[in-house]
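Undergrad: If it helps, the file is called model.cif and holds mmCIF, C-alpha atoms:
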data_run
#
loop_
_atom_site.label_atom_id
_atom_site.label_comp_id
_atom_site.auth_asym_id
_atom_site.auth_seq_id
_atom_site.Cartn_x
_atom_site.Cartn_y
_atom_site.Cartn_z
CA MET A 1 -36.01 38.33 -6.25
CA ASP A 2 -36.13 36.74 -9.70
CA GLY A 3 -33.82 38.74 -11.98
CA THR A 4 -36.60 39.84 -14.35
CA ALA A 5 -35.26 41.64 -17.41
CA SER A 6 -34.68 45.33 -16.66
CA PRO A 7 -35.58 48.44 -18.67
CA GLY A 8 -33.04 50.42 -20.65
CA ALA A 9 -30.60 52.86 -19.16
CA ARG A 10 -31.77 56.24 -17.96
CA ALA A 11 -30.69 59.49 -19.62
CA ARG A 12 -28.07 61.56 -17.81
CA ARG A 13 -29.04 64.80 -16.21
CA LEU A 14 -26.53 67.43 -15.16
CA ASP A 15 -27.30 71.00 -14.09
CA ARG A 16 -25.17 73.40 -16.19
CA ARG A 17 -24.56 77.12 -15.93
CA SER A 18 -22.90 79.56 -18.35
CA PHE A 19 -21.54 83.07 -17.86
CA LEU A 20 -22.24 85.89 -20.28
CA PHE A 21 -18.87 86.72 -21.78
CA GLY A 22 -17.89 87.77 -25.29
CA SER A 23 -19.82 86.92 -28.43
CA ALA A 24 -22.56 84.34 -28.79
CA ALA A 25 -20.09 82.00 -30.46
CA GLY A 26 -17.66 82.43 -27.56
CA LEU A 27 -20.43 81.69 -25.05
CA GLY A 28 -21.34 78.48 -26.86
CA ALA A 29 -17.73 77.34 -26.89
CA LEU A 30 -17.33 78.03 -23.18
CA GLY A 31 -20.53 76.16 -22.37
CA LEU A 32 -19.51 73.10 -24.36
CA GLY A 33 -16.04 73.10 -22.88
CA GLY A 34 -17.40 73.26 -19.32
CA CYS A 35 -19.86 70.41 -19.90
CA ALA A 36 -17.23 68.15 -21.42
CA THR A 37 -14.87 68.73 -18.50
CA THR A 38 -17.51 68.17 -15.83
CA ASP A 39 -18.94 65.08 -17.46
CA GLY A 40 -15.45 63.74 -18.02
CA VAL A 41 -14.53 64.06 -14.33
CA ILE A 42 -17.73 62.31 -13.22
CA LEU A 43 -17.27 59.51 -15.74
CA ALA A 44 -13.61 59.03 -14.82
CA GLU A 45 -14.44 58.73 -11.11
CA ALA A 46 -17.26 56.28 -11.80
CA THR A 47 -14.99 54.22 -14.02
CA ARG A 48 -12.50 53.99 -11.15
CA ILE A 49 -15.11 53.04 -8.53
CA TYR A 50 -16.81 50.50 -10.75
CA GLY A 51 -13.72 48.95 -12.30
CA PRO A 52 -13.02 45.20 -12.56
CA MET A 53 -12.39 43.07 -9.47
CA PRO A 54 -10.12 40.29 -10.78
CA ASP A 55 -9.21 38.89 -7.35
CA GLU A 56 -12.73 37.72 -6.54
CA LYS A 57 -13.53 33.97 -6.48
CA PHE A 58 -15.38 34.64 -9.71
CA PRO A 59 -13.66 37.70 -11.25
CA ILE A 60 -16.11 40.58 -11.59
CA PRO A 61 -15.95 42.64 -14.78
CA ALA A 62 -16.07 46.42 -14.83
CA VAL A 63 -19.50 48.03 -14.86
CA ASP A 64 -20.50 49.78 -18.06
CA VAL A 65 -21.17 53.02 -16.23
CA ARG A 66 -22.81 54.51 -19.32
CA LYS A 67 -25.79 52.28 -18.49
CA VAL A 68 -26.23 53.89 -15.06
CA ASP A 69 -27.73 57.32 -14.45
CA PRO A 70 -24.95 59.33 -12.70
CA LYS A 71 -27.31 60.20 -9.84
CA TYR A 72 -27.05 56.54 -8.78
CA TYR A 73 -23.27 56.46 -8.53
CA ARG A 74 -21.95 55.82 -5.02
CA ARG A 75 -21.22 58.99 -3.06
CA THR A 76 -21.21 60.54 0.42
CA VAL A 77 -24.19 62.85 0.93
CA ARG A 78 -25.81 64.92 3.65
CA TYR A 79 -28.49 62.77 5.27
CA GLU A 80 -30.08 63.65 8.59
CA SER A 81 -31.26 60.60 10.51
CA LYS A 82 -31.99 59.58 14.08
CA GLU A 83 -30.66 56.10 13.32
CA ALA A 84 -27.31 55.00 14.73
CA PRO A 85 -24.19 55.00 12.54
CA GLY A 86 -23.99 51.79 10.55
CA THR A 87 -27.75 51.48 10.11
CA ILE A 88 -28.90 50.72 6.56
CA VAL A 89 -31.86 52.70 5.24
CA VAL A 90 -33.59 51.57 2.05
CA ASP A 91 -35.54 54.25 0.16
CA PRO A 92 -37.45 52.31 -2.55
CA ARG A 93 -39.33 55.39 -3.73
CA ASN A 94 -36.09 57.00 -4.88
CA PHE A 95 -34.07 53.83 -5.56
CA TYR A 96 -31.40 54.51 -2.96
CA VAL A 97 -29.76 52.60 -0.12
CA TYR A 98 -28.04 54.63 2.61
CA ARG A 99 -25.48 53.60 5.20
CA ILE A 100 -25.64 56.07 8.06
CA GLU A 101 -22.18 57.44 8.82
CA GLY A 102 -23.11 59.88 11.60
CA ASP A 103 -22.68 63.66 11.80
CA GLY A 104 -25.51 64.11 9.31
CA SER A 105 -23.90 62.18 6.48
CA ALA A 106 -24.40 58.84 4.76
CA THR A 107 -22.94 56.73 2.00
CA ARG A 108 -25.57 56.54 -0.72
CA TYR A 109 -25.85 53.74 -3.28
CA GLY A 110 -28.16 53.46 -6.28
CA ALA A 111 -30.44 50.42 -6.15
CA ASN A 112 -33.10 48.36 -7.83
CA VAL A 113 -36.12 47.44 -5.72
CA GLY A 114 -39.31 45.39 -5.70
CA ARG A 115 -41.78 45.82 -8.52
CA ASP A 116 -45.43 46.70 -7.94
CA GLY A 117 -47.07 44.12 -5.72
CA PHE A 118 -43.78 43.09 -4.09
CA LEU A 119 -42.85 46.24 -2.21
CA TRP A 120 -42.67 46.10 1.57
CA SER A 121 -41.55 48.33 4.42
CA GLY A 122 -40.59 48.06 8.05
CA ASP A 123 -37.63 47.30 10.31
CA ALA A 124 -35.42 44.26 9.92
CA TYR A 125 -31.83 43.30 10.66
CA VAL A 126 -29.01 41.44 8.96
CA GLY A 127 -29.39 37.90 10.27
CA ARG A 128 -26.58 36.42 8.21
CA LYS A 129 -24.16 37.27 5.40
CA SER A 130 -23.12 35.24 2.39
CA GLU A 131 -20.38 35.41 -0.21
CA TRP A 132 -21.29 33.90 -3.58
CA ALA A 133 -24.38 32.36 -2.00
CA THR A 134 -26.39 29.46 -3.39
CA TRP A 135 -29.72 30.72 -4.72
CA THR A 136 -32.85 28.66 -4.15
CA PRO A 137 -36.07 30.06 -5.64
CA PRO A 138 -39.04 30.05 -3.26
CA LYS A 139 -41.97 27.74 -4.09
CA GLU A 140 -44.09 30.82 -4.80
CA MET A 141 -41.65 31.93 -7.47
CA ILE A 142 -41.57 28.50 -9.07
CA ARG A 143 -45.36 28.61 -9.32
CA ARG A 144 -45.16 32.01 -11.02
CA GLN A 145 -42.16 31.12 -13.15
CA PRO A 146 -41.97 27.36 -13.81
CA GLU A 147 -38.62 27.79 -15.57
CA ALA A 148 -37.07 28.38 -12.13
CA ALA A 149 -37.96 24.82 -11.09
CA LYS A 150 -34.61 23.52 -12.37
CA TYR A 151 -32.97 25.40 -9.49
CA ALA A 152 -35.32 24.03 -6.80
CA ARG A 153 -32.36 22.33 -5.15
CA GLY A 154 -30.20 25.42 -5.42
CA MET A 155 -28.10 27.27 -7.97
CA PRO A 156 -24.41 27.41 -7.03
CA GLY A 157 -22.70 30.76 -6.59
CA GLY A 158 -21.26 32.49 -9.64
CA LEU A 159 -21.62 35.44 -11.96
CA ASP A 160 -24.94 34.12 -13.29
CA ASN A 161 -26.39 33.52 -9.83
CA PRO A 162 -29.12 36.10 -9.04
CA LEU A 163 -27.66 36.78 -5.57
CA GLY A 164 -24.27 37.70 -7.00
CA ALA A 165 -21.04 38.20 -5.08
CA ARG A 166 -22.44 39.23 -1.69
CA THR A 167 -25.77 38.94 0.10
CA LEU A 168 -27.21 40.40 3.30
CA HIS A 169 -30.11 38.22 4.46
CA LEU A 170 -32.81 40.16 6.28
CA TYR A 171 -34.52 38.81 9.40
CA GLN A 172 -37.39 39.90 11.65
CA ASN A 173 -37.97 38.47 15.14
CA GLY A 174 -35.53 35.64 14.55
CA ALA A 175 -37.11 34.52 11.27
CA TYR A 176 -35.71 34.87 7.77
CA THR A 177 -37.96 37.15 5.72
CA LEU A 178 -36.72 35.72 2.36
CA TYR A 179 -35.73 39.30 1.46
CA THR A 180 -32.13 40.23 0.79
CA ILE A 181 -29.85 43.04 -0.22
CA TYR A 182 -27.82 41.47 -3.00
CA ALA A 183 -25.22 42.16 -5.70
CA SER A 184 -26.61 42.86 -9.16
CA SER A 185 -24.60 42.43 -12.37
CA GLU A 186 -27.20 44.36 -14.40
CA PRO A 187 -26.26 48.08 -14.40
CA GLU A 188 -29.36 49.00 -16.41
CA SER A 189 -31.55 47.69 -13.56
CA ILE A 190 -30.40 50.37 -11.11
CA GLY A 191 -33.18 52.90 -10.62
CA SER A 192 -36.01 50.49 -11.43
CA GLY A 193 -38.48 48.16 -9.74
CA ILE A 194 -37.84 44.66 -11.05
CA THR A 195 -37.51 42.20 -8.15
CA SER A 196 -39.79 40.18 -5.91
CA GLY A 197 -39.01 42.46 -2.98
CA CYS A 198 -35.23 42.17 -2.72
CA VAL A 199 -32.92 45.16 -3.10
CA GLY A 200 -29.98 45.07 -5.51
CA LEU A 201 -26.81 47.16 -5.64
CA LEU A 202 -24.10 47.07 -8.27
CA SER A 203 -21.59 44.35 -7.34
CA GLN A 204 -18.86 46.87 -6.51
CA ASP A 205 -21.27 48.81 -4.28
CA MET A 206 -22.54 45.67 -2.58
CA ILE A 207 -19.03 44.50 -1.77
CA HIS A 208 -18.30 47.97 -0.36
CA LEU A 209 -21.43 47.88 1.85
CA TYR A 210 -21.00 44.22 2.84
CA ALA A 211 -17.49 44.79 4.21
CA ARG A 212 -18.82 47.51 6.53
CA THR A 213 -21.95 45.70 7.72
CA PRO A 214 -21.78 43.22 10.59
CA VAL A 215 -24.48 40.70 11.44
CA LYS A 216 -27.26 42.25 13.58
CA THR A 217 -27.06 45.58 11.71
CA LYS A 218 -30.44 47.31 11.70
CA VAL A 219 -32.13 47.77 8.33
CA VAL A 220 -34.96 50.25 7.86
CA VAL A 221 -37.07 49.90 4.69
CA LEU A 222 -39.07 53.08 4.10
CA PRO A 223 -42.55 53.05 2.52
CA ALA A 224 -42.60 53.36 -1.24
#
Step by step, read the file and then write its structure as structure tokens.
TA:
Amino acid sequence: MDGTASPGARARRLDRRSFLFGSAAGLGALGLGGCATTDGVILAEATRIYGPMPDEKFPIPAVDVRKVDPKYYRRTVRYESKEAPGTIVVDPRNFYVYRIEGDGSATRYGANVGRDGFLWSGDAYVGRKSEWATWTPPKEMIRRQPEAAKYARGMPGGLDNPLGARTLHLYQNGAYTLYTIYASSEPESIGSGITSGCVGLLSQDMIHLYARTPVKTKVVVLPA
């Protein structure tokens, strides 16, 4: 994961329906009124979920939710899975992370994922957890991006640290994979492939997932 600059925000999409009633002018007014109300409710809820977190070690500002496609806002969805409740499922093709809740439902979070050439899939588990972790770029990254060399001995935790407020470190067979699920402070990155294989959630989403994820939790990364 290297925090490469992300593309611009995605356009909103919302399915709207109108009912034939009265004149054409009346129909237009009803349609506009319905859209404004629906969009307003969605935006208000997102603003609440992604508000500031002033009590953090490094206070986290509110997310500019206008930079996030509404389909990536956190929500509970129907999701059939054979995995046990608590399992994390990463769907890089659709830019989602799911936490299985059981009874055919899951908490779904919007995510950024690895860019072309850095995607991977398979089973892993949370080997350790970190709050405001120190970030140390791998040697391979320093070779690709020499400007990262100044952090070869580690970048302390903070708002500018690529790992953000919370990190789940993924392991396989007792060995650290170097891949993580981390907290991103770049709302416009959600729904895009920008990292070196790590998976990023908005800071508020990552803190929500982190609090519900113990060490040894299974993580399934689906093929892209």
Undergrad: So, counting all atoms listed in the file, which residue among A:Pro59, A:Gly86, A:Val97, A:Arg144 is closest to Leu159 of chain A?
TA: A:Pro59
Undergrad: May I have the residues within 9 Å of Gly102 of chain A as an NGL selection string, using only C-alpha atoms and disregarding those fewer than 5 positions away in the same chain?
TA: :A and (79-81 or 83-86)
Undergrad: From the options A:Asp55, A:Glu186, A:Asp39, A:Asp91, which residue's atoms come nearest to Pro162 of chain A, counting only C-alpha atoms?
TA: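 Looking at the shortest contact to Pro162 of chain A, the residue is A:Glu186.
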Undergrad: Can you turn the PyMOL selection byres ((chain A and resi 46) around 10) into a concrete residue list for this file, as a PyMOL selection string?
TA: chain A and resi 40-45+47-51+63-66+68+70+73-75
Undergrad: Determine the nearest neighbour of Ile88 of chain A from the options A:Gln172, A:Gln204, A:Thr107, A:Thr134, counting only C-alpha atoms.
TA: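 When distances to Ile88 of chain A are compared using only C-alpha atoms, the smallest one comes from A:Thr107.
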Undergrad: Hey, which of A:Thr87, A:Thr167, A:Asp123, A:Gly158 ends up closest to Val199 of chain A? Count all atoms listed in the file.
TA: A:Thr167
Undergrad: Looking at A:Pro187, A:Gly127, A:Gly200, A:Pro137, which one is nearest to Val215 of chain A, with distances taken over all atoms listed in the file?
TA: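 Among A:Pro187, A:Gly127, A:Gly200, A:Pro137, it is A:Gly127 that comes nearest to Val215 of chain A.
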Undergrad: Could you tell me, as a ChimeraX atom specification, exactly which residues end up selected when the PyMOL selection byres ((chain A and resi 195) around 12) is applied to this structure?
TA: /A:1-6,92,111-120,141,162-163,179-182,184,189-194,196-200
Undergrad: Go ahead and dump the residues you just picked, C-alpha atoms, as a PDB file, keeping the file's coordinate frame.
TA:
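Output file selection.pdb is given in full below:
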ATOM      1  CA  MET A   1     -36.010  38.330  -6.250  1.00  0.00           C
ATOM      2  CA  ASP A   2     -36.130  36.740  -9.700  1.00  0.00           C
ATOM      3  CA  GLY A   3     -33.820  38.740 -11.980  1.00  0.00           C
ATOM      4  CA  THR A   4     -36.600  39.840 -14.350  1.00  0.00           C
ATOM      5  CA  ALA A   5     -35.260  41.640 -17.410  1.00  0.00           C
ATOM      6  CA  SER A   6     -34.680  45.330 -16.660  1.00  0.00           C
ATOM      7  CA  PRO A  92     -37.450  52.310  -2.550  1.00  0.00           C
ATOM      8  CA  ALA A 111     -30.440  50.420  -6.150  1.00  0.00           C
ATOM      9  CA  ASN A 112     -33.100  48.360  -7.830  1.00  0.00           C
ATOM     10  CA  VAL A 113     -36.120  47.440  -5.720  1.00  0.00           C
ATOM     11  CA  GLY A 114     -39.310  45.390  -5.700  1.00  0.00           C
ATOM     12  CA  ARG A 115     -41.780  45.820  -8.520  1.00  0.00           C
ATOM     13  CA  ASP A 116     -45.430  46.700  -7.940  1.00  0.00           C
ATOM     14  CA  GLY A 117     -47.070  44.120  -5.720  1.00  0.00           C
ATOM     15  CA  PHE A 118     -43.780  43.090  -4.090  1.00  0.00           C
ATOM     16  CA  LEU A 119     -42.850  46.240  -2.210  1.00  0.00           C
ATOM     17  CA  TRP A 120     -42.670  46.100   1.570  1.00  0.00           C
ATOM     18  CA  MET A 141     -41.650  31.930  -7.470  1.00  0.00           C
ATOM     19  CA  PRO A 162     -29.120  36.100  -9.040  1.00  0.00           C
ATOM     20  CA  LEU A 163     -27.660  36.780  -5.570  1.00  0.00           C
ATOM     21  CA  TYR A 179     -35.730  39.300   1.460  1.00  0.00           C
ATOM     22  CA  THR A 180     -32.130  40.230   0.790  1.00  0.00           C
ATOM     23  CA  ILE A 181     -29.850  43.040  -0.220  1.00  0.00           C
ATOM     24  CA  TYR A 182     -27.820  41.470  -3.000  1.00  0.00           C
ATOM     25  CA  SER A 184     -26.610  42.860  -9.160  1.00  0.00           C
ATOM     26  CA  SER A 189     -31.550  47.690 -13.560  1.00  0.00           C
ATOM     27  CA  ILE A 190     -30.400  50.370 -11.110  1.00  0.00           C
ATOM     28  CA  GLY A 191     -33.180  52.900 -10.620  1.00  0.00           C
ATOM     29  CA  SER A 192     -36.010  50.490 -11.430  1.00  0.00           C
ATOM     30  CA  GLY A 193     -38.480  48.160  -9.740  1.00  0.00           C
ATOM     31  CA  ILE A 194     -37.840  44.660 -11.050  1.00  0.00           C
ATOM     32  CA  SER A 196     -39.790  40.180  -5.910  1.00  0.00           C
ATOM     33  CA  GLY A 197     -39.010  42.460  -2.980  1.00  0.00           C
ATOM     34  CA  CYS A 198     -35.230  42.170  -2.720  1.00  0.00           C
ATOM     35  CA  VAL A 199     -32.920  45.160  -3.100  1.00  0.00           C
ATOM     36  CA  GLY A 200     -29.980  45.070  -5.510  1.00  0.00           C
TER      37      GLY A 200
END
